[in-house]
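One file, coords32.txt, carrying compact mmCIF, C-alpha atoms:
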```txt
# COMPACT_ATOMS: atom_id res chain seq x y z
CA MET X 234 1.24 18.08 -29.49
CA GLY X 235 -1.04 18.08 -26.41
CA ASP X 236 -2.14 21.23 -24.64
CA PRO X 237 0.74 22.14 -22.28
CA SER X 238 -1.54 24.36 -20.17
CA ARG X 239 -3.81 21.50 -19.13
CA ILE X 240 -4.14 20.47 -15.49
CA PRO X 241 -1.07 18.39 -14.52
CA ARG X 242 -1.59 14.63 -14.38
CA LEU X 243 -1.51 13.62 -10.71
CA GLY X 244 -0.18 10.17 -9.91
CA LEU X 245 -0.45 8.35 -6.60
CA ALA X 246 2.47 6.16 -5.52
CA MET X 247 0.82 4.12 -2.78
CA GLY X 248 3.13 2.36 -0.35
CA GLY X 249 2.79 -0.92 1.49
CA GLY X 250 2.39 -1.45 5.20
CA GLY X 251 -0.15 -4.18 5.83
CA ALA X 252 -3.10 -2.97 7.90
CA ARG X 253 -1.41 0.42 8.31
CA GLY X 254 -1.91 0.84 4.57
CA LEU X 255 -5.64 1.21 5.19
CA ALA X 256 -4.69 4.87 5.75
CA HIS X 257 -4.77 5.11 1.95
CA VAL X 258 -8.57 4.94 2.17
CA GLY X 259 -8.65 8.08 4.32
CA ILE X 260 -6.26 9.82 1.92
CA LEU X 261 -8.47 9.01 -1.09
CA THR X 262 -11.53 10.24 0.79
CA VAL X 263 -9.99 13.66 1.44
CA LEU X 264 -8.70 14.01 -2.14
CA GLU X 265 -12.21 13.30 -3.41
CA GLU X 266 -13.74 15.80 -0.98
CA GLU X 267 -11.31 18.42 -2.27
CA GLY X 268 -12.13 17.67 -5.91
CA ILE X 269 -8.62 16.40 -6.62
CA TYR X 270 -8.54 13.22 -8.70
CA PRO X 271 -5.54 11.06 -9.63
CA THR X 272 -5.03 10.07 -13.24
CA CYS X 273 -2.83 7.04 -12.55
CA ILE X 274 -1.85 4.85 -9.60
CA ALA X 275 1.09 2.59 -8.77
CA GLY X 276 0.90 0.53 -5.60
CA THR X 277 2.78 -1.97 -3.51
CA SER X 278 1.12 -4.49 -1.18
CA MET X 279 -1.81 -2.79 0.60
CA GLY X 280 -1.19 0.22 -1.63
CA ALA X 281 -1.81 -2.04 -4.61
CA ILE X 282 -5.04 -3.38 -3.10
CA VAL X 283 -6.51 0.02 -2.22
CA GLY X 284 -5.16 1.61 -5.40
CA ALA X 285 -6.70 -1.05 -7.63
CA LEU X 286 -10.03 -0.73 -5.83
CA TYR X 287 -10.05 3.00 -6.55
CA ALA X 288 -8.93 2.52 -10.16
CA GLU X 289 -11.83 0.08 -10.54
CA SER X 290 -14.58 2.19 -8.96
CA LEU X 291 -13.34 5.83 -8.98
CA ASP X 292 -15.31 6.16 -5.74
CA ALA X 293 -13.56 6.54 -2.37
CA LYS X 294 -16.72 5.66 -0.41
CA GLN X 295 -17.07 2.42 -2.32
CA VAL X 296 -13.41 1.65 -1.64
CA ALA X 297 -13.96 2.24 2.08
CA ALA X 298 -16.97 -0.10 2.11
CA LYS X 299 -15.12 -2.85 0.27
CA VAL X 300 -12.05 -2.56 2.50
CA ARG X 301 -14.20 -3.10 5.58
CA ILE X 302 -15.68 -6.24 4.04
CA TYR X 303 -12.19 -7.43 3.08
CA ALA X 304 -10.73 -6.82 6.56
CA ASP X 305 -13.57 -8.82 8.13
CA ASP X 306 -13.59 -11.64 5.56
CA PRO X 307 -13.48 -14.88 7.62
CA SER X 308 -10.73 -16.45 5.46
CA PHE X 309 -8.56 -13.37 5.59
CA ARG X 310 -9.31 -12.70 9.25
CA ALA X 311 -8.08 -16.17 10.15
CA SER X 312 -4.79 -15.42 8.37
CA TRP X 313 -3.98 -12.19 10.23
CA GLU X 314 -5.41 -12.54 13.74
CA PRO X 315 -2.71 -14.89 15.09
CA PHE X 316 -0.03 -12.25 14.45
CA VAL X 317 -1.69 -9.54 16.56
CA ARG X 318 -1.26 -9.22 20.32
CA ASP X 319 -4.43 -9.96 22.31
CA GLU X 320 -4.75 -6.42 23.63
CA MET X 321 -4.81 -5.03 20.08
CA LEU X 322 -7.90 -7.01 19.07
CA PRO X 323 -11.27 -5.23 19.22
CA GLU X 324 -13.08 -7.86 21.29
CA ASN X 325 -12.45 -9.84 24.48
CA LEU X 326 -11.29 -13.30 23.42
CA GLY X 327 -12.13 -15.11 26.63
CA PHE X 328 -10.34 -18.21 27.89
CA PHE X 329 -11.03 -20.50 24.95
CA GLY X 330 -10.33 -17.76 22.41
CA GLY X 331 -6.99 -17.08 24.07
CA LEU X 332 -6.18 -20.80 24.12
CA ARG X 333 -7.01 -21.12 20.43
CA ARG X 334 -4.74 -18.19 19.57
CA SER X 335 -1.93 -19.64 21.70
CA ILE X 336 -2.13 -22.91 19.76
CA GLN X 337 -2.24 -21.02 16.45
CA ARG X 338 0.90 -19.09 17.35
CA LYS X 339 2.80 -22.27 18.24
CA ILE X 340 1.80 -23.83 14.93
CA LEU X 341 2.94 -20.71 13.07
CA SER X 342 6.25 -20.68 14.94
CA PHE X 343 6.82 -24.29 13.90
CA LYS X 344 5.95 -23.49 10.27
CA THR X 345 8.48 -20.66 10.27
CA PHE X 346 11.27 -23.24 10.40
CA THR X 347 9.69 -26.02 8.36
CA SER X 348 7.94 -24.38 5.39
CA PRO X 349 8.36 -21.29 3.17
CA ALA X 350 5.09 -19.73 4.37
CA MET X 351 3.04 -19.76 7.54
CA GLN X 352 -0.33 -19.44 5.79
CA ASN X 353 -1.89 -21.03 2.72
CA ALA X 354 -2.21 -18.95 -0.44
CA GLU X 355 -6.00 -19.30 -0.28
CA GLY X 356 -6.07 -17.19 2.89
CA LEU X 357 -5.19 -14.18 0.77
CA LEU X 358 -6.20 -15.27 -2.72
CA GLU X 359 -9.85 -16.12 -2.04
CA PRO X 360 -10.69 -12.83 -0.26
CA LEU X 361 -9.04 -10.93 -3.12
CA GLN X 362 -11.15 -12.80 -5.65
CA ARG X 363 -14.28 -11.76 -3.77
CA LEU X 364 -13.04 -8.18 -3.49
CA PHE X 365 -12.60 -7.35 -7.18
CA SER X 366 -15.10 -7.57 -10.02
CA SER X 367 -12.56 -6.77 -12.76
CA THR X 368 -10.68 -9.64 -14.36
CA ASP X 369 -7.67 -7.86 -15.87
CA ILE X 370 -5.71 -4.72 -15.06
CA GLU X 371 -6.74 -3.39 -18.48
CA ASP X 372 -10.37 -3.38 -17.25
CA LEU X 373 -9.64 -0.66 -14.67
CA HIS X 374 -10.64 2.94 -15.31
CA LEU X 375 -7.20 4.38 -14.57
CA PRO X 376 -3.68 3.35 -15.63
CA PHE X 377 -2.48 1.12 -12.81
CA ALA X 378 0.61 -0.84 -11.83
CA ALA X 379 1.23 -3.29 -8.98
CA VAL X 380 4.78 -3.95 -7.81
CA ALA X 381 6.21 -7.29 -6.68
CA VAL X 382 9.77 -8.58 -6.26
CA ASP X 383 11.31 -11.70 -7.77
CA LEU X 384 12.97 -13.71 -4.98
CA LEU X 385 15.40 -15.28 -7.45
CA SER X 386 16.78 -12.19 -9.20
CA GLY X 387 15.90 -9.51 -6.65
CA LYS X 388 14.44 -7.42 -9.47
CA PRO X 389 11.01 -5.78 -9.44
CA HIS X 390 8.17 -7.25 -11.44
CA ILE X 391 5.79 -4.52 -12.58
CA PHE X 392 2.26 -5.65 -13.40
CA ARG X 393 0.68 -3.21 -15.87
CA THR X 394 -1.44 -5.74 -17.73
CA GLY X 395 -2.80 -9.23 -17.13
CA ASN X 396 -4.86 -10.89 -14.41
CA LEU X 397 -5.67 -8.37 -11.68
CA VAL X 398 -5.99 -10.73 -8.71
CA SER X 399 -2.73 -12.52 -9.55
CA ALA X 400 -0.95 -9.16 -9.70
CA ILE X 401 -2.41 -8.02 -6.39
CA TYR X 402 -1.63 -11.35 -4.73
CA ALA X 403 2.01 -11.22 -5.84
CA SER X 404 2.36 -7.63 -4.63
CA SER X 405 0.75 -8.50 -1.28
CA ALA X 406 2.34 -11.88 -0.53
CA VAL X 407 4.11 -10.92 2.70
CA PRO X 408 7.41 -12.87 2.87
CA ALA X 409 7.20 -15.98 5.08
CA VAL X 410 3.48 -15.36 5.70
CA PHE X 411 2.00 -16.20 2.27
CA PRO X 412 3.60 -18.37 -0.44
CA PRO X 413 5.28 -16.60 -3.38
CA LEU X 414 3.49 -16.55 -6.72
CA LEU X 415 5.24 -18.81 -9.23
CA MET X 416 5.18 -17.16 -12.66
CA GLU X 417 7.33 -18.71 -15.38
CA ASN X 418 10.88 -18.47 -13.97
CA GLU X 419 10.06 -16.06 -11.15
CA LEU X 420 9.02 -16.38 -7.50
CA LEU X 421 7.11 -13.19 -6.77
CA ILE X 422 6.53 -11.70 -3.31
CA ASP X 423 5.44 -8.45 -1.68
CA GLY X 424 7.46 -5.58 -3.15
CA GLY X 425 7.39 -3.60 0.09
CA GLY X 426 11.06 -4.16 0.91
CA PRO X 427 13.02 -2.38 -1.82
CA TYR X 428 9.98 -0.87 -3.58
CA ARG X 429 7.76 0.25 -0.72
CA VAL X 430 6.60 3.47 -2.43
CA PRO X 431 6.81 3.04 -6.25
CA VAL X 432 7.43 6.68 -7.20
CA ASN X 433 9.31 6.15 -10.48
CA ILE X 434 6.87 3.47 -11.61
CA CYS X 435 4.02 5.90 -11.03
CA ARG X 436 5.82 8.51 -13.14
CA SER X 437 6.28 5.96 -15.92
CA LEU X 438 2.47 5.66 -16.10
CA GLY X 439 2.33 9.29 -17.25
CA ALA X 440 2.19 11.29 -14.02
CA ASP X 441 3.43 14.87 -14.21
CA LEU X 442 3.27 15.25 -10.44
CA VAL X 443 3.69 12.30 -8.05
CA LEU X 444 2.14 12.21 -4.59
CA GLY X 445 4.08 9.66 -2.56
CA LEU X 446 1.97 7.99 0.12
CA ASP X 447 4.43 6.57 2.64
CA ILE X 448 3.22 4.25 5.39
CA PRO X 449 5.69 4.24 8.31
CA SER X 450 6.89 1.06 9.97
CA PHE X 451 5.45 -0.25 13.20
CA SER X 452 7.22 1.28 16.20
CA PRO X 453 6.40 -0.63 19.40
CA GLU X 454 6.99 1.22 22.65
CA LYS X 455 10.21 -0.46 23.66
CA ASP X 456 13.84 0.55 23.68
CA GLU X 457 15.27 -2.84 24.54
CA TYR X 458 16.15 -5.63 22.14
CA LYS X 459 16.52 -8.77 24.19
CA THR X 460 16.89 -11.41 21.49
CA GLY X 461 18.89 -11.84 18.33
CA MET X 462 15.63 -11.85 16.35
CA ASP X 463 14.71 -8.46 17.87
CA VAL X 464 18.04 -7.04 16.72
CA LEU X 465 17.80 -8.55 13.22
CA THR X 466 14.25 -7.29 12.75
CA ARG X 467 15.16 -3.78 13.87
CA THR X 468 18.24 -3.76 11.63
CA ASP X 469 16.10 -4.72 8.64
CA GLU X 470 13.62 -1.93 9.48
CA ILE X 471 16.42 0.64 9.58
CA THR X 472 17.78 -0.52 6.22
CA ARG X 473 14.35 -0.41 4.58
CA ASP X 474 13.60 3.01 6.01
CA ARG X 475 16.85 4.53 4.74
CA LEU X 476 16.30 3.04 1.27
CA ASN X 477 12.72 4.27 1.25
CA ARG X 478 13.77 7.82 2.10
CA LEU X 479 16.11 7.83 -0.90
CA VAL X 480 13.25 6.70 -3.15
CA LEU X 481 10.89 9.33 -1.76
CA ARG X 482 13.24 12.11 -2.84
CA GLU X 483 11.90 11.51 -6.33
CA ALA X 484 8.32 12.31 -5.27
CA ASP X 485 7.00 15.85 -5.67
CA ILE X 486 5.17 15.70 -2.34
CA VAL X 487 5.03 13.03 0.37
CA VAL X 488 2.20 12.28 2.79
CA ARG X 489 3.07 10.12 5.80
CA PRO X 490 0.10 9.21 8.07
CA ASP X 491 0.80 8.76 11.76
CA VAL X 492 0.07 5.02 11.94
CA SER X 493 3.31 3.66 13.35
CA CYS X 494 1.53 2.55 16.54
CA PHE X 495 -0.51 -0.04 14.60
CA HIS X 496 0.77 -3.56 13.96
CA TRP X 497 0.94 -4.60 10.30
CA ALA X 498 -1.64 -7.34 10.90
CA ASN X 499 -4.12 -5.31 12.95
CA PHE X 500 -6.94 -5.20 10.38
CA GLY X 501 -9.40 -4.76 13.22
CA ALA X 502 -8.34 -1.08 13.51
CA VAL X 503 -9.86 0.14 10.24
CA ASP X 504 -11.47 3.29 11.67
CA PRO X 505 -8.51 4.88 13.51
CA ILE X 506 -6.11 4.02 10.68
CA CYS X 507 -8.40 5.61 8.06
CA THR X 508 -8.78 8.66 10.30
CA ALA X 509 -5.00 9.04 10.48
CA GLY X 510 -4.89 9.00 6.67
CA GLN X 511 -7.54 11.73 6.50
CA GLU X 512 -5.68 13.93 8.96
CA ALA X 513 -2.37 13.60 7.12
CA MET X 514 -3.93 14.36 3.73
CA ARG X 515 -5.85 17.39 4.99
CA ALA X 516 -2.62 18.83 6.35
CA ALA X 517 -0.96 18.36 2.95
CA ILE X 518 -3.77 19.77 0.78
CA PRO X 519 -2.47 23.40 0.72
CA GLU X 520 0.96 22.25 -0.49
CA LEU X 521 -0.56 19.91 -3.07
CA ARG X 522 -2.78 22.68 -4.44
CA ARG X 523 0.22 25.00 -4.61
CA LEU X 524 2.22 22.46 -6.60
CA LEU X 525 -0.67 21.76 -8.99
CA LYS X 526 -1.18 25.48 -9.57
CA GLU X 527 2.56 26.03 -10.05
CA ARG X 528 2.84 23.22 -12.62
CA GLN X 529 -0.21 24.52 -14.49
CA ALA X 530 1.27 28.05 -14.58
CA ILE X 531 4.52 26.67 -16.02
CA ARG X 532 2.54 24.89 -18.74
CA HIS X 533 0.63 28.07 -19.52
CA ARG X 534 3.87 30.04 -19.90
CA LEU X 535 5.26 27.30 -22.13
CA ARG X 536 2.17 27.45 -24.31
CA SER X 537 2.48 31.23 -24.67
CA TRP X 538 6.17 30.90 -25.57
CA LEU X 539 5.43 28.27 -28.22
CA ARG X 540 2.76 30.48 -29.76
CA ARG X 541 5.16 33.42 -30.08
CA LEU X 542 7.85 31.13 -31.47
CA LEU X 543 5.51 29.69 -34.13
```
Just dump the structure as structure tokens.
Amino acid sequence: MGDPSRIPRLGLAMGGGGARGLAHVGILTVLEEEGIYPTCIAGTSMGAIVGALYAESLDAKQVAAKVRIYADDPSFRASWEPFVRDEMLPENLGFFGGLRRSIQRKILSFKTFTSPAMQNAEGLLEPLQRLFSSTDIEDLHLPFAAVAVDLLSGKPHIFRTGNLVSAIYASSAVPAVFPPLLMENELLIDGGGPYRVPVNICRSLGADLVLGLDIPSFSPEKDEYKTGMDVLTRTDEITRDRLNRLVLREADIVVRPDVSCFHWANFGAVDPICTAGQEAMRAAIPELRRLLKERQAIRHRLRSWLRRLL
């Protein structure tokens, strides 16, 4: 039997959210500064990307450096820029830049109705291949799981072993943006709909205490919904949010960075998004320390009871 008084195993359940999920980098930075280290990680979409980077390096600064390279990768940048409004981009596009983006958007709108994805798989796959040095999930330093969803059955596909980049691609393949990953009899896409914060999967990796990292949805400053698509999109957001709140009840503590003002594709906003993650984690540190101490005290009492019993 293991020592029941040991420090509780802390697991991170890292949610999806596109560019907003870069807040995970700020969260990891603060945990490292506080000397608090996870022992396992489960992630969905951007949570899977950042979580796998940390499980590979065990170094939050290295994760931050790699994420910046990833966000500015020319192939990946070309895949996300057309989705972001001009005023959200960090630089002035000029006339020809604006014209180019206008043409890109029209092409993407056409693809929405004529093909299953608006971008090629290589726009995500190739940057991911450059991002990671590990080949398989088993090569990582921490137990790790990436979550995707099978379009055919609606069931989750949990990657705990096998090719790392394939797992991350499947977990990050935003529906209608990137093509699903075909694997045997499954079509795998981003698990961020029904499995946005994989709390129970994190616990199955051996976590005694699960820190749920929830990335809120984008909330544009508007209270009018003028088109049917506006209404459908908002309805889907409400459904996902309610489901996510039910899932988060299983977490021991939840951190929710204030990043709802950022569009999911705004990878040009790395700094403010990471800062929001730092602020949210710093605010939660006292409660996290209390829970860790409480769990350790329970284990100590259990150990004393077992000694008297034996």
Name the closest residue to Ala381 (chain X) among the candidates X:Gly284, X:Pro519, X:Pro360, X:Gly249; distances are taken between atoms, counting all atoms listed in the file.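 Answer, going by the shortest atom-to-atom distance: X:Gly249.
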Enter the distance from CA of Gly356 (chain X) to CA of Leu261 (chain X), in Å, rounded to one decimal. 26.6 Å
Spatial neighbours of Leu481 (chain X), 9 Å, all atoms listed in the file, chain gap at least 4 places, as a VMD selection string: chain X and resid 430 to 432 445 447 476 to 477 485 to 487
Contacts between region 498-509 of chain X and region 287-310 of chain X, please, where a residue of region 287-310 of chain X counts if it comes within 10 Å (with only C-alpha atoms); show its shortest atom pair and distance in Å to one decimal, rows by chain and ascending number, as a tab-separated table.
```
residue	atom	partner	partner_atom	distance
X:Ala297	CA	X:Cys507	CA	8.8
X:Val300	CA	X:Val503	CA	8.5
X:Arg301	CA	X:Val503	CA	7.1
X:Tyr303	CA	X:Phe500	CA	9.3
X:Ala304	CA	X:Phe500	CA	5.6
X:Asp305	CA	X:Gly501	CA	7.7
X:Phe309	CA	X:Phe500	CA	9.6
X:Arg310	CA	X:Phe500	CA	7.9
```
If we count only C-alpha atoms, what is near Leu525 (chain X) at a cut-off of 8 Å, once residues fewer than 5 positions away on the same chain are taken out, given as a VMD selection string? chain X and resid 240 to 241 442
Go ahead and compute the interatomic distance for CA of Glu512 (chain X) and CA of Ser437 (chain X), in Å to one decimal. 28.7 Å
Which neighbours of Gly254 (chain X) fall inside 10 Å, counting only C-alpha atoms, when residues of the same chain fewer than 3 positions from it are skipped, and could you give them as a PyMOL selection string? chain X and resi 247-251+257-259+277-283+446-449+490+492+497+500+503+506-507+510
Just C-alpha atoms for this one: save the residues we selected as an mmCIF file, in the coordinates of the input.
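Here's the written file part29.cif:
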```cif
data_model
loop_
_atom_site.group_PDB
_atom_site.id
_atom_site.type_symbol
_atom_site.label_atom_id
_atom_site.label_comp_id
_atom_site.auth_asym_id
_atom_site.auth_seq_id
_atom_site.Cartn_x
_atom_site.Cartn_y
_atom_site.Cartn_z
ATOM 1 C CA MET X 247 0.820 4.120 -2.780
ATOM 2 C CA GLY X 248 3.130 2.360 -0.350
ATOM 3 C CA GLY X 249 2.790 -0.920 1.490
ATOM 4 C CA GLY X 250 2.390 -1.450 5.200
ATOM 5 C CA GLY X 251 -0.150 -4.180 5.830
ATOM 6 C CA HIS X 257 -4.770 5.110 1.950
ATOM 7 C CA VAL X 258 -8.570 4.940 2.170
ATOM 8 C CA GLY X 259 -8.650 8.080 4.320
ATOM 9 C CA THR X 277 2.780 -1.970 -3.510
ATOM 10 C CA SER X 278 1.120 -4.490 -1.180
ATOM 11 C CA MET X 279 -1.810 -2.790 0.600
ATOM 12 C CA GLY X 280 -1.190 0.220 -1.630
ATOM 13 C CA ALA X 281 -1.810 -2.040 -4.610
ATOM 14 C CA ILE X 282 -5.040 -3.380 -3.100
ATOM 15 C CA VAL X 283 -6.510 0.020 -2.220
ATOM 16 C CA LEU X 446 1.970 7.990 0.120
ATOM 17 C CA ASP X 447 4.430 6.570 2.640
ATOM 18 C CA ILE X 448 3.220 4.250 5.390
ATOM 19 C CA PRO X 449 5.690 4.240 8.310
ATOM 20 C CA PRO X 490 0.100 9.210 8.070
ATOM 21 C CA VAL X 492 0.070 5.020 11.940
ATOM 22 C CA TRP X 497 0.940 -4.600 10.300
ATOM 23 C CA PHE X 500 -6.940 -5.200 10.380
ATOM 24 C CA VAL X 503 -9.860 0.140 10.240
ATOM 25 C CA ILE X 506 -6.110 4.020 10.680
ATOM 26 C CA CYS X 507 -8.400 5.610 8.060
ATOM 27 C CA GLY X 510 -4.890 9.000 6.670
#
```
Any idea what the distance is between CA of Arg515 (chain X) and CA of Leu291 (chain X)? 19.6 Å
